[in-house]
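Note: the block below is coords.cif and it holds mmCIF, C-alpha atoms.
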```
data_query
loop_
_atom_site.label_atom_id
_atom_site.label_comp_id
_atom_site.auth_asym_id
_atom_site.auth_seq_id
_atom_site.Cartn_x
_atom_site.Cartn_y
_atom_site.Cartn_z
CA MET R 485 124.54 23.97 152.73
CA ALA R 486 121.59 24.22 150.34
CA ARG R 487 123.31 22.98 147.21
CA TRP R 488 121.36 22.82 144.00
CA GLN R 489 120.12 19.31 143.37
CA PRO R 490 119.82 18.75 139.65
CA ASN R 491 117.44 15.83 140.03
CA ALA R 492 115.79 16.72 143.32
CA ALA R 493 112.22 16.53 141.96
CA GLU R 494 112.80 13.05 140.60
CA ARG R 495 114.48 11.87 143.82
CA LEU R 496 111.55 13.20 145.86
CA ALA R 497 109.04 11.49 143.58
CA LEU R 498 110.90 8.18 143.86
CA ALA R 499 111.13 8.48 147.65
CA ALA R 500 107.41 9.29 147.82
CA LEU R 501 106.57 6.27 145.67
CA GLU R 502 108.55 3.99 147.96
CA LEU R 503 106.94 5.37 151.09
CA PHE R 504 103.38 5.40 149.69
CA ALA R 505 103.82 1.76 148.67
CA GLU R 506 105.37 0.80 152.05
CA ARG R 507 103.07 2.57 154.51
CA GLY R 508 100.30 4.15 152.45
CA TYR R 509 99.72 7.69 151.22
CA GLU R 510 97.87 8.80 154.36
CA ASN R 511 100.65 7.65 156.68
CA THR R 512 103.44 9.44 154.84
CA THR R 513 104.43 13.04 155.59
CA VAL R 514 106.37 15.54 153.52
CA THR R 515 109.15 15.30 156.14
CA ASP R 516 109.31 11.51 155.61
CA ILE R 517 109.62 11.99 151.86
CA ALA R 518 112.34 14.64 152.12
CA GLN R 519 114.26 12.51 154.63
CA ARG R 520 114.09 9.39 152.46
CA ALA R 521 115.32 11.41 149.49
CA GLY R 522 118.18 12.83 151.59
CA LEU R 523 116.83 16.35 151.08
CA THR R 524 115.22 19.02 153.25
CA LYS R 525 111.55 19.86 153.63
CA SER R 526 112.18 23.31 152.14
CA THR R 527 113.68 21.67 149.04
CA PHE R 528 110.46 19.66 148.80
CA PHE R 529 108.36 22.82 148.87
CA ARG R 530 110.55 24.49 146.24
CA HIS R 531 109.45 21.73 143.87
CA PHE R 532 105.93 20.77 144.96
CA GLN R 533 103.04 22.66 146.51
CA ASP R 534 101.96 19.78 148.76
CA LYS R 535 102.24 16.03 149.29
CA ARG R 536 99.59 15.27 146.71
CA GLU R 537 101.62 17.07 144.01
CA VAL R 538 104.80 15.04 144.42
CA LEU R 539 103.68 12.44 141.87
CA PHE R 540 102.43 15.07 139.45
CA GLY R 541 105.52 17.18 138.83
CA GLY R 542 106.75 17.79 135.32
CA THR R 543 103.59 18.66 133.45
CA LEU R 544 103.23 17.16 129.99
CA ASN R 545 100.97 19.94 128.69
CA GLY R 546 103.78 21.90 127.02
CA LEU R 547 105.28 18.78 125.45
CA LEU R 548 101.95 17.82 123.86
CA ALA R 549 101.17 21.36 122.69
CA GLU R 550 104.63 21.83 121.13
CA ALA R 551 104.44 18.52 119.28
CA ILE R 552 101.03 19.42 117.86
CA ALA R 553 102.30 22.86 116.83
CA GLY R 554 105.33 21.24 115.18
CA ALA R 555 103.40 18.60 113.22
CA PRO R 556 103.66 18.89 109.41
CA GLU R 557 101.33 21.50 107.97
CA SER R 558 99.55 18.82 105.94
CA ALA R 559 98.80 16.68 109.02
CA THR R 560 95.14 16.02 109.85
CA PRO R 561 94.06 16.77 113.43
CA LEU R 562 94.48 13.12 114.42
CA GLU R 563 97.87 12.93 112.76
CA ALA R 564 98.93 15.98 114.77
CA VAL R 565 97.66 14.21 117.91
CA ALA R 566 99.70 11.14 116.93
CA CYS R 567 102.80 13.36 116.78
CA ALA R 568 102.05 14.45 120.35
CA LEU R 569 101.81 10.81 121.47
CA ASP R 570 105.15 10.08 119.76
CA ALA R 571 106.69 12.99 121.66
CA LEU R 572 105.44 11.50 124.94
CA GLY R 573 107.24 8.28 124.04
CA ARG R 574 110.49 10.09 123.23
CA HIS R 575 110.59 12.48 126.19
CA ALA R 576 108.35 11.27 129.02
CA PHE R 577 107.40 7.61 128.73
CA THR R 578 110.86 6.37 127.78
CA PRO R 579 111.89 2.72 128.33
CA ALA R 580 114.03 3.79 131.31
CA ARG R 581 111.00 5.32 133.05
CA ARG R 582 108.60 2.41 132.49
CA GLU R 583 109.11 0.84 135.90
CA PHE R 584 108.70 4.19 137.67
CA VAL R 585 105.50 4.86 135.73
CA ALA R 586 104.11 1.40 136.55
CA ARG R 587 104.78 1.88 140.27
CA ARG R 588 103.32 5.37 140.19
CA ARG R 589 100.20 4.01 138.51
CA ALA R 590 99.77 1.34 141.20
CA VAL R 591 100.10 3.87 144.03
CA ILE R 592 97.59 6.22 142.40
CA ALA R 593 95.11 3.39 141.81
CA ALA R 594 95.15 2.70 145.56
CA ASN R 595 94.17 6.23 146.64
CA PRO R 596 90.98 8.12 145.67
CA GLU R 597 92.54 11.53 146.33
CA LEU R 598 95.43 10.77 143.96
CA GLN R 599 92.99 9.32 141.42
CA GLU R 600 91.10 12.63 141.44
CA ARG R 601 94.32 14.56 140.91
CA GLU R 602 95.28 12.23 138.04
CA ALA R 603 91.85 12.59 136.43
CA LEU R 604 92.06 16.38 136.61
CA LYS R 605 95.57 16.38 135.15
CA GLY R 606 94.20 14.23 132.33
CA LEU R 607 91.51 16.81 131.60
CA GLY R 608 94.23 19.45 131.52
CA LEU R 609 96.16 17.46 128.92
CA THR R 610 93.04 17.16 126.74
CA ALA R 611 92.48 20.92 127.03
CA SER R 612 96.11 21.59 126.01
CA MET R 613 95.74 19.40 122.93
CA THR R 614 92.43 21.05 122.01
CA GLU R 615 93.98 24.51 122.29
CA ALA R 616 97.06 23.51 120.26
CA LEU R 617 94.82 22.09 117.50
CA ARG R 618 92.77 25.30 117.44
CA ARG R 619 95.95 27.31 116.98
CA ARG R 620 96.60 25.21 113.85
CA GLY R 621 93.27 26.48 112.51
CA VAL R 622 91.30 23.32 113.29
CA PRO R 623 87.61 24.24 113.85
CA ASP R 624 86.60 24.29 117.54
CA LEU R 625 84.43 21.22 117.64
CA THR R 626 86.79 19.10 115.50
CA ALA R 627 89.64 20.15 117.81
CA CYS R 628 87.60 19.01 120.84
CA VAL R 629 86.71 15.68 119.26
CA ALA R 630 90.25 14.96 118.02
CA ALA R 631 91.74 15.84 121.43
CA ASP R 632 89.14 13.64 123.20
CA LEU R 633 89.94 10.70 120.94
CA GLY R 634 93.66 11.34 121.42
CA ALA R 635 93.22 11.40 125.18
CA LEU R 636 91.37 8.09 125.03
CA ALA R 637 94.19 6.56 122.96
CA MET R 638 96.72 8.01 125.42
CA THR R 639 94.97 6.41 128.39
CA ILE R 640 94.73 3.03 126.68
CA ALA R 641 98.39 3.21 125.61
CA TYR R 642 99.50 4.34 129.07
CA GLU R 643 97.90 1.29 130.68
CA ARG R 644 99.16 -1.16 128.08
CA TRP R 645 102.67 0.25 127.96
CA SER R 646 103.13 0.41 131.74
CA ASP R 647 101.75 -3.16 132.05
CA ALA R 648 103.93 -4.50 129.23
CA THR R 649 107.10 -6.40 129.96
CA ASP R 650 108.32 -6.70 126.39
CA GLY R 651 109.71 -3.17 126.16
CA ASP R 652 107.34 -1.82 123.53
CA ASP R 653 107.89 1.79 122.52
CA PHE R 654 105.17 4.07 123.96
CA GLY R 655 104.74 5.93 120.67
CA GLU R 656 104.06 2.69 118.81
CA VAL R 657 101.61 1.43 121.44
CA ALA R 658 99.84 4.79 121.30
CA ARG R 659 99.59 4.82 117.50
CA ARG R 660 98.04 1.35 117.57
CA ALA R 661 95.55 2.54 120.21
CA LEU R 662 94.70 5.58 118.09
CA ASP R 663 94.12 3.26 115.12
CA GLU R 664 91.75 1.17 117.24
CA VAL R 665 89.88 4.23 118.50
CA GLN R 666 89.58 5.39 114.89
CA ALA R 667 88.34 1.96 113.81
CA ALA R 668 85.74 1.98 116.60
CA LEU R 669 84.15 5.11 115.17
CA PRO R 670 82.17 3.73 112.23
CA GLN R 671 81.09 0.52 114.01
CA GLY R 672 77.53 1.22 114.96
CA LEU R 673 78.31 4.77 115.92
CA ASN R 674 76.14 6.09 113.12
CA PHE R 675 73.59 8.43 114.60
CA ARG R 676 71.76 9.80 111.61
CA ARG R 677 70.23 6.92 109.71
CA ALA R 678 70.45 7.14 105.91
CA MET Z 843 61.34 19.80 166.26
CA ALA Z 844 63.24 18.05 163.48
CA ARG Z 845 60.43 17.75 160.98
CA TRP Z 846 61.10 16.06 157.69
CA GLN Z 847 61.74 18.61 154.99
CA PRO Z 848 60.65 17.21 151.66
CA ASN Z 849 62.76 19.68 149.67
CA ALA Z 850 65.56 20.32 152.14
CA ALA Z 851 68.36 19.47 149.69
CA GLU Z 852 67.01 21.89 147.12
CA ARG Z 853 66.48 24.64 149.70
CA LEU Z 854 70.04 24.19 150.94
CA ALA Z 855 71.41 24.33 147.40
CA LEU Z 856 69.45 27.52 146.68
CA ALA Z 857 70.60 29.12 149.93
CA ALA Z 858 74.21 28.15 149.13
CA LEU Z 859 73.95 29.63 145.65
CA GLU Z 860 72.67 32.93 147.07
CA LEU Z 861 75.43 33.11 149.67
CA PHE Z 862 78.25 32.05 147.31
CA ALA Z 863 77.12 34.74 144.87
CA GLU Z 864 76.78 37.39 147.64
CA ARG Z 865 79.95 36.84 149.66
CA GLY Z 866 81.95 34.20 147.82
CA TYR Z 867 82.40 30.48 148.36
CA GLU Z 868 85.33 30.88 150.77
CA ASN Z 869 83.45 33.27 153.04
CA THR Z 870 80.38 31.08 153.42
CA THR Z 871 80.08 28.41 156.13
CA VAL Z 872 77.78 25.42 156.38
CA THR Z 873 76.09 27.17 159.34
CA ASP Z 874 75.39 30.21 157.13
CA ILE Z 875 73.83 27.98 154.48
CA ALA Z 876 71.64 26.08 156.93
CA GLN Z 877 70.53 29.36 158.56
CA ARG Z 878 69.62 30.96 155.24
CA ALA Z 879 67.62 27.88 154.31
CA GLY Z 880 65.86 27.94 157.68
CA LEU Z 881 67.26 24.52 158.53
CA THR Z 882 69.78 23.11 160.98
CA LYS Z 883 73.41 22.23 160.41
CA SER Z 884 72.64 18.58 161.11
CA THR Z 885 69.99 18.61 158.37
CA PHE Z 886 72.70 19.93 156.07
CA PHE Z 887 74.98 17.02 156.93
CA ARG Z 888 72.18 14.51 156.41
CA HIS Z 889 72.11 15.64 152.78
CA PHE Z 890 75.68 16.66 151.97
CA GLN Z 891 79.11 15.51 153.09
CA ASP Z 892 80.60 19.01 153.09
CA LYS Z 893 80.18 22.54 151.79
CA ARG Z 894 81.66 21.68 148.41
CA GLU Z 895 79.01 19.00 147.85
CA VAL Z 896 75.98 21.26 148.32
CA LEU Z 897 75.86 22.17 144.62
CA PHE Z 898 76.43 18.57 143.53
CA GLY Z 899 73.53 16.74 145.15
CA GLY Z 900 71.19 14.62 143.07
CA THR Z 901 73.56 12.64 140.89
CA LEU Z 902 72.53 12.21 137.27
CA ASN Z 903 74.44 8.94 136.80
CA GLY Z 904 71.44 6.71 137.40
CA LEU Z 905 69.19 8.78 135.15
CA LEU Z 906 71.64 8.52 132.24
CA ALA Z 907 72.29 4.80 132.76
CA GLU Z 908 68.58 3.97 132.95
CA ALA Z 909 67.78 5.90 129.79
CA ILE Z 910 70.57 4.11 127.90
CA ALA Z 911 69.34 0.76 129.19
CA GLY Z 912 65.79 1.64 128.13
CA ALA Z 913 66.67 2.79 124.60
CA PRO Z 914 65.11 0.71 121.78
CA GLU Z 915 67.03 -2.48 121.09
CA SER Z 916 67.72 -1.30 117.54
CA ALA Z 917 69.30 1.99 118.70
CA THR Z 918 72.93 2.61 117.75
CA PRO Z 919 75.27 3.61 120.59
CA LEU Z 920 74.88 7.30 119.80
CA GLU Z 921 71.11 6.98 119.54
CA ALA Z 922 71.12 5.41 123.01
CA VAL Z 923 73.22 8.35 124.22
CA ALA Z 924 70.70 10.73 122.64
CA CYS Z 925 67.96 9.01 124.71
CA ALA Z 926 70.02 9.74 127.83
CA LEU Z 927 70.28 13.43 126.87
CA ASP Z 928 66.50 13.53 126.31
CA ALA Z 929 66.00 12.08 129.79
CA LEU Z 930 68.17 14.86 131.25
CA GLY Z 931 65.87 17.38 129.59
CA ARG Z 932 62.73 15.72 130.95
CA HIS Z 933 63.90 15.11 134.51
CA ALA Z 934 66.87 17.31 135.41
CA PHE Z 935 67.30 20.26 133.06
CA THR Z 936 63.63 21.22 132.91
CA PRO Z 937 62.50 24.74 131.94
CA ALA Z 938 61.67 25.47 135.58
CA ARG Z 939 65.25 24.71 136.67
CA ARG Z 940 67.00 26.72 133.98
CA GLU Z 941 67.57 29.80 136.10
CA PHE Z 942 68.89 27.73 139.01
CA VAL Z 943 71.27 25.89 136.66
CA ALA Z 944 72.51 29.15 135.13
CA ARG Z 945 73.24 30.62 138.58
CA ARG Z 946 74.91 27.42 139.71
CA ARG Z 947 77.11 27.49 136.60
CA ALA Z 948 78.18 31.09 137.30
CA VAL Z 949 79.10 30.30 140.91
CA ILE Z 950 81.10 27.22 139.87
CA ALA Z 951 82.93 29.16 137.14
CA ALA Z 952 84.14 31.58 139.81
CA ASN Z 953 85.78 28.98 142.07
CA PRO Z 954 88.59 26.57 141.09
CA GLU Z 955 87.68 24.08 143.84
CA LEU Z 956 84.10 23.85 142.59
CA GLN Z 957 85.34 23.63 139.00
CA GLU Z 958 87.42 20.59 139.98
CA ARG Z 959 84.41 18.96 141.62
CA GLU Z 960 82.29 19.68 138.52
CA ALA Z 961 84.97 18.23 136.21
CA LEU Z 962 85.20 15.05 138.29
CA LYS Z 963 81.41 14.67 138.35
CA GLY Z 964 81.50 15.04 134.56
CA LEU Z 965 84.00 12.20 134.30
CA GLY Z 966 81.68 10.11 136.47
CA LEU Z 967 78.78 10.76 134.09
CA THR Z 968 80.91 9.67 131.12
CA ALA Z 969 81.88 6.49 132.98
CA SER Z 970 78.20 5.74 133.76
CA MET Z 971 77.26 6.12 130.11
CA THR Z 972 80.19 3.92 129.01
CA GLU Z 973 79.17 1.20 131.46
CA ALA Z 974 75.49 1.38 130.42
CA LEU Z 975 76.47 1.05 126.74
CA ARG Z 976 78.68 -1.96 127.54
CA ARG Z 977 75.74 -3.63 129.27
CA ARG Z 978 73.83 -3.25 125.97
CA GLY Z 979 76.58 -5.33 124.34
CA VAL Z 980 78.42 -2.40 122.74
CA PRO Z 981 82.14 -3.27 122.35
CA ASP Z 982 84.38 -1.62 124.98
CA LEU Z 983 86.14 0.89 122.80
CA THR Z 984 83.00 1.91 120.89
CA ALA Z 985 81.24 2.40 124.23
CA CYS Z 986 84.09 4.68 125.39
CA VAL Z 987 84.06 6.70 122.18
CA ALA Z 988 80.25 7.05 122.09
CA ALA Z 989 80.14 8.09 125.77
CA ASP Z 990 82.97 10.61 125.20
CA LEU Z 991 81.15 12.15 122.24
CA GLY Z 992 77.92 12.15 124.24
CA ALA Z 993 79.65 13.92 127.13
CA LEU Z 994 81.01 16.53 124.75
CA ALA Z 995 77.51 17.12 123.32
CA MET Z 996 76.15 17.29 126.88
CA THR Z 997 78.67 19.98 127.87
CA ILE Z 998 77.96 22.04 124.77
CA ALA Z 999 74.20 21.71 125.28
CA TYR Z 1000 74.47 22.51 128.98
CA GLU Z 1001 76.24 25.81 128.22
CA ARG Z 1002 73.91 26.78 125.39
CA TRP Z 1003 70.75 25.82 127.21
CA SER Z 1004 71.63 27.58 130.47
CA ASP Z 1005 72.68 30.70 128.49
CA ALA Z 1006 69.54 30.69 126.33
CA THR Z 1007 66.67 32.98 127.11
CA ASP Z 1008 64.25 31.65 124.53
CA GLY Z 1009 63.21 28.59 126.56
CA ASP Z 1010 64.64 25.91 124.27
CA ASP Z 1011 64.13 22.35 125.43
CA PHE Z 1012 67.38 20.81 126.73
CA GLY Z 1013 66.81 17.55 124.87
CA GLU Z 1014 66.48 19.41 121.55
CA VAL Z 1015 69.57 21.54 122.20
CA ALA Z 1016 71.49 18.37 123.10
CA ARG Z 1017 70.40 16.48 119.98
CA ARG Z 1018 71.54 19.40 117.82
CA ALA Z 1019 74.90 19.41 119.64
CA LEU Z 1020 75.24 15.65 119.12
CA ASP Z 1021 74.52 16.18 115.42
CA GLU Z 1022 77.27 18.79 115.28
CA VAL Z 1023 79.75 16.56 117.12
CA GLN Z 1024 78.89 13.78 114.70
CA ALA Z 1025 79.34 16.13 111.73
CA ALA Z 1026 82.75 17.22 113.08
CA LEU Z 1027 84.03 13.65 112.91
CA PRO Z 1028 84.70 13.26 109.17
CA GLN Z 1029 86.01 16.84 108.70
CA GLY Z 1030 89.73 16.37 108.56
CA LEU Z 1031 89.68 13.79 111.31
CA ASN Z 1032 90.84 11.11 108.93
CA PHE Z 1033 93.96 9.55 110.34
CA ARG Z 1034 94.76 6.76 107.96
CA ARG Z 1035 95.24 8.25 104.50
CA ALA Z 1036 93.74 6.29 101.59
#
```
Step by step, read the file and then write its structure as structure tokens.
Amino acid sequence: MARWQPNAAERLALAALELFAERGYENTTVTDIAQRAGLTKSTFFRHFQDKREVLFGGTLNGLLAEAIAGAPESATPLEAVACALDALGRHAFTPARREFVARRRAVIAANPELQEREALKGLGLTASMTEALRRRGVPDLTACVAADLGALAMTIAYERWSDATDGDDFGEVARRALDEVQAALPQGLNFRRA
Amino acid sequence: MARWQPNAAERLALAALELFAERGYENTTVTDIAQRAGLTKSTFFRHFQDKREVLFGGTLNGLLAEAIAGAPESATPLEAVACALDALGRHAFTPARREFVARRRAVIAANPELQEREALKGLGLTASMTEALRRRGVPDLTACVAADLGALAMTIAYERWSDATDGDDFGEVARRALDEVQAALPQGLNFRRA
């Protein structure tokens, strides 16, 4: 009866997206989501803790941390962060997933509870990058700053890439965003006057 | 009967802190908090939406935004942010409130739900600073970066100041932290190689 579903989590997330868009997050139950996905409620709870989690499966923390750990030894902190953004483009924000990501973004933007969850997940990603940079021997504060700037570039790239219709590669969009963030630094940011 | 309590919010927050520390956040009810403060449950709900909010009254968003707006016209974005941190020291993180802040921090650190709330409030403060910088005519991305760096300095200063026992002024601790964040920028952050 309970056969293993290789892509159950993805099917549940897609079903949830459809239902949230159709009738709203508040008016959708876990049973509705499982039914739409052609799965059982217990399969749902094997994959997600609650309804709010269904759009936040598949954490990206490990992907980012591994890419930073695997960056060339000579890479500066921001270059290591750029490697992490490239990895997102190769493994998570692939061209095939762009439409899903865009729909997910729209559903989250419409619900404060989901926005909170998204914001907290974002802070978790920044913390993972900071920790991975520290493990490369980057001093604490530099690791924090580089991860913060990387997170900002990631957010900008995420919005641009999921909005785009011309099929840009996420990694490229993200590297451009990181360049812009970097370029914004000297412009009037100077705190200590000469 | 229901006399106006000029410092009801503060009394409720203090009572909540005591109870959370004594018996834990989960084992404390709104009724317990109101009772300990010598107030009624309805007074509690005039000040706070729910139990989780009792430690998060008195938003600092307006204080930060006003200080950034009031910074000298010639101030760079980070100098305007430094003015906001000074204002926190003068109006919110005053020497008299240090012990309260330290106890609040300990209670929050012990509860994931409160940590989430604190993290989200932090994101709100960053957004307020970004918006206030934009209204000064600072370009979007520079405003984001300056507010992010300011938020990082604020977090560092908040931890140091509430840990300190030598009565350092919050504004001074924060300016030193902002200096350090600034100094961390060139160190190996360079992304584009010459």
| field | Contacts of Z:Ala999 within 8 Å, all atoms listed in the file, excl. fewer than 4 positions in-chain, as a ChimeraX atom specification | value | /Z:995,1003,1012,1015-1016,1019
Residues of chain R within 10 Å of chain Z, counting only C-alpha atoms, as a compact mmCIF listing (two decimals) with C-alpha atoms, in the frame of the given file:
```txt
# COMPACT_ATOMS: atom_id res chain seq x y z
CA ALA R 559 98.80 16.68 109.02
CA THR R 560 95.14 16.02 109.85
CA PRO R 561 94.06 16.77 113.43
CA LEU R 562 94.48 13.12 114.42
CA GLU R 563 97.87 12.93 112.76
CA ALA R 564 98.93 15.98 114.77
CA VAL R 565 97.66 14.21 117.91
CA ALA R 566 99.70 11.14 116.93
CA GLU R 600 91.10 12.63 141.44
CA ARG R 601 94.32 14.56 140.91
CA ALA R 603 91.85 12.59 136.43
CA LEU R 604 92.06 16.38 136.61
CA LEU R 607 91.51 16.81 131.60
CA VAL R 622 91.30 23.32 113.29
CA PRO R 623 87.61 24.24 113.85
CA ASP R 624 86.60 24.29 117.54
CA LEU R 625 84.43 21.22 117.64
CA THR R 626 86.79 19.10 115.50
CA ALA R 627 89.64 20.15 117.81
CA CYS R 628 87.60 19.01 120.84
CA VAL R 629 86.71 15.68 119.26
CA ALA R 630 90.25 14.96 118.02
CA ASP R 632 89.14 13.64 123.20
CA LEU R 633 89.94 10.70 120.94
CA LEU R 636 91.37 8.09 125.03
CA ALA R 637 94.19 6.56 122.96
CA ILE R 640 94.73 3.03 126.68
CA ALA R 661 95.55 2.54 120.21
CA LEU R 662 94.70 5.58 118.09
CA ASP R 663 94.12 3.26 115.12
CA GLU R 664 91.75 1.17 117.24
CA VAL R 665 89.88 4.23 118.50
CA GLN R 666 89.58 5.39 114.89
CA ALA R 667 88.34 1.96 113.81
CA ALA R 668 85.74 1.98 116.60
CA LEU R 669 84.15 5.11 115.17
CA PRO R 670 82.17 3.73 112.23
CA GLN R 671 81.09 0.52 114.01
CA GLY R 672 77.53 1.22 114.96
CA LEU R 673 78.31 4.77 115.92
CA ASN R 674 76.14 6.09 113.12
CA PHE R 675 73.59 8.43 114.60
CA ARG R 676 71.76 9.80 111.61
CA ARG R 677 70.23 6.92 109.71
```
| said: So that I can check the surroundings of stretch 526-538 of chain R, please list as a PyMOL selection string every protein, DNA and RNA residue that reaches within 12 Å of it, counting all atoms listed in the file and ignoring chain neighbours fewer than 5 positions away. | reply: chain R and resi 485-501+503-504+509-521+543+588+591-592+595-602+605
Residues from the last selection, C-alpha atoms, saved as a short mmCIF file (atom, residue, chain, number, x, y, z; two decimals), in the frame of the given file:
```cif
data_model
loop_
_atom_site.label_atom_id
_atom_site.label_comp_id
_atom_site.auth_asym_id
_atom_site.auth_seq_id
_atom_site.Cartn_x
_atom_site.Cartn_y
_atom_site.Cartn_z
CA MET R 485 124.54 23.97 152.73
CA ALA R 486 121.59 24.22 150.34
CA ARG R 487 123.31 22.98 147.21
CA TRP R 488 121.36 22.82 144.00
CA GLN R 489 120.12 19.31 143.37
CA PRO R 490 119.82 18.75 139.65
CA ASN R 491 117.44 15.83 140.03
CA ALA R 492 115.79 16.72 143.32
CA ALA R 493 112.22 16.53 141.96
CA GLU R 494 112.80 13.05 140.60
CA ARG R 495 114.48 11.87 143.82
CA LEU R 496 111.55 13.20 145.86
CA ALA R 497 109.04 11.49 143.58
CA LEU R 498 110.90 8.18 143.86
CA ALA R 499 111.13 8.48 147.65
CA ALA R 500 107.41 9.29 147.82
CA LEU R 501 106.57 6.27 145.67
CA LEU R 503 106.94 5.37 151.09
CA PHE R 504 103.38 5.40 149.69
CA TYR R 509 99.72 7.69 151.22
CA GLU R 510 97.87 8.80 154.36
CA ASN R 511 100.65 7.65 156.68
CA THR R 512 103.44 9.44 154.84
CA THR R 513 104.43 13.04 155.59
CA VAL R 514 106.37 15.54 153.52
CA THR R 515 109.15 15.30 156.14
CA ASP R 516 109.31 11.51 155.61
CA ILE R 517 109.62 11.99 151.86
CA ALA R 518 112.34 14.64 152.12
CA GLN R 519 114.26 12.51 154.63
CA ARG R 520 114.09 9.39 152.46
CA ALA R 521 115.32 11.41 149.49
CA THR R 543 103.59 18.66 133.45
CA ARG R 588 103.32 5.37 140.19
CA VAL R 591 100.10 3.87 144.03
CA ILE R 592 97.59 6.22 142.40
CA ASN R 595 94.17 6.23 146.64
CA PRO R 596 90.98 8.12 145.67
CA GLU R 597 92.54 11.53 146.33
CA LEU R 598 95.43 10.77 143.96
CA GLN R 599 92.99 9.32 141.42
CA GLU R 600 91.10 12.63 141.44
CA ARG R 601 94.32 14.56 140.91
CA GLU R 602 95.28 12.23 138.04
CA LYS R 605 95.57 16.38 135.15
#
```
| task | Name the closest residue to Z:Leu905 among the candidates Z:Pro937, Z:Gly866, Z:Gly992, Z:Gly931; distances are taken between atoms, counting only C-alpha atoms. | result | Z:Gly931
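In this model, the gap between atom CA of R:Phe540 and atom CA of R:Leu569 comes to 18.5 Å.
Interatomic distance, atom CA of Z:Arg865 against atom CA of Z:Ala952: 11.9 Å.
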Test item: which residues lie within 8 Å of (95.7, 19.8, 122.8) counting only C-alpha atoms, as a short mmCIF file (atom, residue, chain, number, x, y, z; two decimals) with C-alpha atoms, in the coordinates of the input:
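Output saved as point-v7.cif:
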```
data_model
loop_
_atom_site.label_atom_id
_atom_site.label_comp_id
_atom_site.auth_asym_id
_atom_site.auth_seq_id
_atom_site.Cartn_x
_atom_site.Cartn_y
_atom_site.Cartn_z
CA ASN R 545 100.97 19.94 128.69
CA LEU R 548 101.95 17.82 123.86
CA ALA R 549 101.17 21.36 122.69
CA ILE R 552 101.03 19.42 117.86
CA VAL R 565 97.66 14.21 117.91
CA LEU R 609 96.16 17.46 128.92
CA THR R 610 93.04 17.16 126.74
CA ALA R 611 92.48 20.92 127.03
CA SER R 612 96.11 21.59 126.01
CA MET R 613 95.74 19.40 122.93
CA THR R 614 92.43 21.05 122.01
CA GLU R 615 93.98 24.51 122.29
CA ALA R 616 97.06 23.51 120.26
CA LEU R 617 94.82 22.09 117.50
CA ALA R 627 89.64 20.15 117.81
CA ALA R 631 91.74 15.84 121.43
#
```
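Going from atom CA of R:Arg620 over to atom CA of R:Ala553, you cover 6.8 Å.
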Box time for stretch 517-525 of chain R: axis-aligned, enclosing all its listed atoms, 8 Å extra on each side; report centre and edge lengths in Å to one decimal, as JSON.
```
{"center_x": 113.9, "center_y": 14.6, "center_z": 152.1, "size_x": 24.6, "size_y": 26.5, "size_z": 21.1}
```
| Written as a PyMOL selection string, which residues does the PyMOL selection byres ((chain Z and resi 941) around 12) give for the file shown? | chain Z and resi 856+859+935-940+942-948+1003-1007+1009
